[in-house]
Structure formats: structure tokens, C-alpha cells
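Peer 1: Below is the structure I would like to discuss, written out as C-alpha cells.
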Number of protein chains: 2
Amino acid sequence: MTTARPLRQDAARNRERLVLAACEAFRRKGLDVPLEEIAREAGVAIGTLYNRFASRGELVDAALGPLAQRAVELAERAARTEDPWQAFVSLAEDTCALFADDRGYADVYRSRVSGTPVIAAAQARLLALKATIMARAKRAGVLRADVEPTDLALIIWGIVGTMDATRDIAPDAWRRHLSLVLDGLRPQAAHPLPIPPLTASQLRNAAPK
Amino acid sequence: MTTARPLRQDAARNRERLVLAACEAFRRKGLDVPLEEIAREAGVAIGTLYNRFASRGELVDAALGPLAQRAVELAERAARTEDPWQAFVSLAEDTCALFADDRGYADVYRSRVSGTPVIAAAQARLLALKATIMARAKRAGVLRADVEPTDLALIIWGIVGTMDATRDIAPDAWRRHLSLVLDGLRPQAAHPLPIPPLTASQLRNAAPK
DNA sequence: CCGTAACTTGAGGACCGTTTCAACTTTCAC
DNA sequence: GTGAAAGTTGAAACGGTCCTCAAGTTACGG
């Protein structure tokens with residue numbers, strides 16, 4: 001870990017502006033937003049953006065890292081919830097709520113942008129929390145025994161997909177969708193599943209599009 | 001309905017080749033595949049493609065129309081299934097299987113390409129069949145009473161989204177996902193839903209991205 | 001076999017987003 | 001202050017896809 005020399009005052013200010021603009025742009029338009037637009041919004045030339053952030057990924061990391069942190073905090077809070085089912089539901093709901101709020105963060109969840117160390121770290125932590133919470137719920141008999149964390153990943157992936165479609169029209173539609181789907185994860189609902197769950201490594205290699 | 005004069009022999013042959021190439025390309029790479037690539041694959045210049053198909057939509061309609069027809073047939077067969085729950089499950093499974101097979105058709109389901117009369121007609125028919133099948137299942141008490149066709153649309157939308165991620169890695173993953181989700185639609189699983197269903201018109205206006 | 005209408009061709013213009021870089025400007029340590 | 005290092009700038013090169021159109025080719029009725 002090399003200690004980076006501090007940025008010059010004006011450069012630091014520009015960096016700050018860029019991150020802010022990126023935050024806003026990613027949130028509203030997703031990760032595909034043109035970098036030129038972010039630079040313009042930040043009141044800075046495109047070259048400056050490239051000066052500070054070598055790749056889109058670095059900018060994403062800087063802009064959305066805090067949100068990923070927030071996701072971890074929420075998951076930790078969920079893990080502390082007494083009722084195991086409620087803990088599980090909170091995990092899913094809180095995560096989805098963040099995705100619903102921020103198109104960029106939703107894209108991160110799916111697209112695996114490269115060059116995002118802080119986000120990657122947060123994702124890893126989330127994975128662990130998810131496993132813990134699901135294990136507890138299963139042990140308590142409130143979550144069907146045959147679902148794995150990878151199943152939840154797929155389910156949330158799917159719900160995030162519907163958000164893209166409904167965000168402008170019915171921003172809360174995902175809540176109904178999620179409730180419906182969660183009902184399928186209760187033990188009373190359980191019917192045999194046709195195939196085994198995705199392995200963690202399969203999920204890791206899952207790529208969109 | 002103007003009776004189009006028949007194409008010249010060579011033109012008809014080229015058209016055929018284009019449709020075939022488009023079928024293949026859409027299936028494998030989705031609707032965003034460059035038209036140039038389709039033309040190349042068809043052994044024809046790009047200008048010829050534009051000669052025959054004024055827009056991407058027209059080509060999509062020609063290439064994927066038959067698949068949409070097939071979807072309707074499958075849905076009609078599902079509607080004829082005696083067991084109301086099985087009918088419902090077949091509807092969902094058969095539809096999803098088509099999407100899993102054909103990235104392009106999956107894209108059609110989400111993106112509402114314009115200029116696709118035959119596909120649009122098929123979709124309308126599918127909508128009606130879905131309503132019928134779901135109504136029957138509800139009447140039989142095998143489908144929870146508080147789900148609407150728009151809910152199924154959202155659910156399938158979501159599953160189609162996960163297909164994009166898993167197609168190359170675990171082409172059947174959607175079967176497990178769907179089973180899980182369908183379990184949430186059974187009456188035994190029902191817990192109160194937080195918000196009302198999407199209206200049909202809301203769904204119609206739903207746009208991706 | 002011919003003439004014409006139908007068709008094909010592919011280079012090129014338009015647009016868009018990315019990325020680079022040489023010339024210019026600003027900061028800051030001394 | 002001053003000069004070197006740090007930073008900014010935006011035009012331009014680039015790669016990709018869309019779409020057009022003038023020139024050339026082909027089919028087919030007579």
C-alpha cells in the first residue's frame with residue numbers, strides 16, 4: 001500500500017466535484033452514462049476526469065463505494081435482528097431498496113465492473129452476512145432448507161432486472177414482487193426443486209448480457 | 001392491406017438468407033447484434049438488408065415472428081391442460097424455455113421493439129391466454145387469489161433477466177429459479193402483499209433500462 | 001435478345017463515446 | 001517572487017454502428 005502524495009488543492013476540489021457528479025449521474029442513469037457528461041456536470045474537462053480516474057471502474061468505486069458500505073451496514077443490522085425470518089426479509093428488502101434508489105448500484109450488482117476494490121470488498125462482506133443470516137433462518141425452520149445463498153442472489157438479480165422496467169412507472173413495484181418471491185422461500189411453500197443450486201463459483205462467473 | 005407484388009427471384013432468396021441469418025444472430029447474441037454482421041452472415045451487402053427491411057424492427061418481426069407463434073401454440077396447449085396448476089406451470093415454463101433458448105426473443109419480451117406487427121399480435125394473444133389460465137387456476141384454488149397477470153409478467157421479466165447472467169454458465173438455472181418463485185404463488189404460501197398489483201396499462205408502459 | 005425496372009453494392013457521411021496528448025495554466029515550496 | 005512540478009484543457013484520432021445513395025448489376029417480360 002503506497003502512501004499517495006496528497007493532491008494539489010485544485011485537483012482535490014476537482015476530484016470531489018467529479019465524484020459528486022458521478023454519484024448523481026450513475027444514480028439516475030446507470031453505469032453506462034457517458035463520462036463526458038459526468039465531466040461536464042462537474043464543470044471540468046474530460047481530460048481532467050481521465051487524469052484522476054484511469055478507468056470507469058475507478059470512478060465507480062469512488063462514487064459508489066460509500067453506498068456499498070451502507071449496504072454492508074444495513075446487512076449487519078439485519079443480522080442483529082432477533083427474529084430470523086425478519087432478519088432475512090430485512091436483508092433482502094434493504095438491499096433491494098438501495099438498488100431501487102440507485103440505478104448505478106443496481107448495475108454494479110450485475111455487471112461486475114473491474115477495478116473496484118472497495119466495492120468488491122463490500123460485496124464479499126455482504127456475501128458472508130447473507131450466508132450467516134440464511135443459515136440462521138434455516139436452523140430456525142423459517143426458511144426452506146433447500147435454498148442456498150446463490151438462490152437468493154439469483155432472485156435478487158431478477159428483481160433488480162424488473163426495477164429497470166418499473167422504476168419510472170411504479171417505483172415500488174419491486175416490493176410486491178419481492179414479497180411474492182419471498183413467500184416461495186418459506187418452508188410451508190416448499191416443493192421439490194428440479195435441479196441443484198448454482199455453486200458459488202458458477203455465480204461468481206455469472207456475467208450479464 | 002396492400003398486396004405486395006412478388007419479389008424478384010434473387011431478391012426473395014436474399015431476403016430468405018437475411019431472415020435466416022437474423023434468426024441465428026438474434027438467438028445467439030440478442031437483438032442488439034449489429035445489422036452489418038447479419039448481412040455479412042447472409043452473404044449480402046448491408047445495403048441489401050436495408051432495402052428489404054426498413055428498420056431493425058421489421059427484421060426482428062420477420063425473424064422472430066415464428067417463434068412468437070410457437071409461444072402462442074404452447075400457451076394454447078397449456079390452456080388445454082386439465083390440471084389447472086399444471087396448466088399454469090406449463091405456461092410459465094414453456095415461455096421461459098423459449099426465452100432461455102433465444103436471447104433475441106428474450107430481448108423482445110423486454111424491449112418492445114417497434115415495428116413488429118406479427119410479434120405484437122402474438123403477445124396480445126399470449127396476454128389473453130395468460131389471463132384465462134390464471135383465472136382458472138385461481139377458481140380451482142391452486143393459485144393464490146391475490147396475484148394478477150401483471151405479477152406473472154414481472155416474475156418472468158425477472159427470470160429472463162437472470163437468464164442473461166446464467167445462460168453461458170448454467171443454462172438450466174432458470175428452472176430452479178422459476179420453481180422457487182412458483183412456490184410463492186401457491187395459496188399455502190400466501191402472505192399479505194404490501195402494495196397492489198401493477199395495472200395492465202402500467203405494465204404496457206414499462207420500459208427497460 | 002433487348003430494354004427497363006428491380007435489385008445489389010459498398011464506400012462514405014453522420015453520430016457517439018472513448019482515450020490521448022501537446023500546449024497551456026496553476027499551485028506551492030523555497 | 002519564481003521556477004519546476006502538478007494539473008487542466010479540448011481538439012483530434014479512433015473505433016463502432018447506423019443509414020444513404022449513386023453507380024453498377026441482374027432478372028424477366030415482351
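Ordered as shown in the C-alpha cells, chains take letters A, B, and onward, while each chain numbers its residues from 1 and ligands are numbered from 1 in the order shown.
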Please identify all polymer residues within 9 Å of DT27 in chain C, counting only C-alpha atoms (C1' of nucleotides), omitting same-chain residues fewer than 6 positions from it, and present them as JSON, numbers by chain.

Peer 2: {"A": [8, 9, 10], "D": [6, 7]}

Peer 1: Restricted to C-alpha atoms (C1' of nucleotides), what would the selected residues look like written as a PDB file, in the first residue's frame?

Peer 2:
ATOM      1  CA  ARG A   8      -2.873  19.642  -5.107  1.00  0.00           C
ATOM      2  CA  GLN A   9      -5.687  21.787  -3.738  1.00  0.00           C
ATOM      3  CA  ASP A  10      -7.385  22.479  -7.066  1.00  0.00           C
TER       4      ASP A  10
ATOM      5  C1'  DA D   6       1.423  19.218 -10.891  1.00  0.00           C
ATOM      6  C1'  DG D   7      -2.673  19.828 -13.113  1.00  0.00           C
TER       7       DG D   7
END

Peer 1: Leaving out DT17 in chain D and any residue of its chain fewer than 2 positions from it, which residues lie within 12 Å of it when counting only C-alpha atoms (C1' of nucleotides), given as a ChimeraX atom specification?

Peer 2: /B:32-37,46 /C:14-17 /D:15,19

Peer 1: Would you mind telling me which residue in B:Asn205, B:Thr95, B:Gln123, B:Gln86 lies nearest to Arg175 in chain B when using only C-alpha atoms?

Peer 2: B:Thr95

Peer 1: Please list as a list of chain:residue names every residue within 10 Å of range 5-8 of chain C, counting only C-alpha atoms (C1' of nucleotides) and excluding residues in the same chain fewer than 6 positions away.

Peer 2: B:Leu7, B:Arg8, B:Asp10, B:Ala11, B:Val44, B:Ala45, B:Ile46, B:Gly47, B:Thr48, B:Leu49, B:Asn51, D:DG24, D:DT25, D:DT26, D:DA27, D:DC28

Peer 1: One number please: CA of Gly158 in chain B to CA of Met163 in chain A, in Å, one decimal.

Peer 2: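 Computing the Euclidean distance for CA of Gly158 in chain B and CA of Met163 in chain A yields 8.9 Å.
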
Peer 1: Nearest residue to Leu180 in chain A out of A:Asp164, A:Arg27, A:Pro197, A:Val89, using only C-alpha atoms?

Peer 2: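 Residue with the minimum atom-to-atom distance to Leu180 in chain A: A:Val89.
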
Peer 1: Considering only C-alpha atoms (C1' of nucleotides), return as a VMD selection string whatever protein or nucleic-acid residues lie within 12 Å of DC21 in chain D, sequence-local ones (same chain, fewer than 2 positions apart) excluded.

Peer 2: (chain B and resid 47 50 to 51) or (chain C and resid 9 to 13) or (chain D and resid 19 23)

Peer 1: Can I get the selection written as a JSON list (two decimals), in the first residue's frame, with C-alpha atoms (C1' of nucleotides)?

Peer 2:
[["chain", "number", "residue", "atom", "x", "y", "z"],
["B", 47, "GLY", "CA", -27.48, -2.00, -48.38],
["B", 50, "TYR", "CA", -31.79, -2.00, -45.64],
["B", 51, "ASN", "CA", -33.50, -2.50, -48.96],
["C", 9, "DT", "C1'", -23.30, -2.86, -53.75],
["C", 10, "DG", "C1'", -20.05, -0.73, -50.56],
["C", 11, "DA", "C1'", -17.85, 3.49, -49.80],
["C", 12, "DG", "C1'", -18.85, 7.36, -47.15],
["C", 13, "DG", "C1'", -21.20, 10.68, -44.07],
["D", 19, "DC", "C1'", -28.05, 4.64, -42.68],
["D", 23, "DA", "C1'", -23.23, 3.67, -59.76]]

Peer 1: Output the contact residues of chain A with respect to chain B at a cut-off of 6 Å, based on only C-alpha atoms, as a list in words.

Peer 2: Gly158, Ile159, Gly161, Thr162, Asp164, Ala165, Thr166, Arg176, Leu180, Val181, Asp183, Gly184, Ala189, Leu193, Pro194, Ile195, Ala206, Ala207, Pro208 and Lys209 of chain A

Peer 1: Using only C-alpha atoms, which of B:Val113, B:Leu74, B:Ala25, B:Leu18 sits nearest Ser55 in chain B?

Peer 2: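 Using only C-alpha atoms, the shortest distance to Ser55 in chain B belongs to B:Val113.
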
Peer 1: Need to verify the contact set: DG3 in chain D, 12 Å, only C-alpha atoms (C1' of nucleotides), exclusion of same-chain residues closer than 3 positions in sequence. Can you return it as a count of residues only?

Peer 2: 4
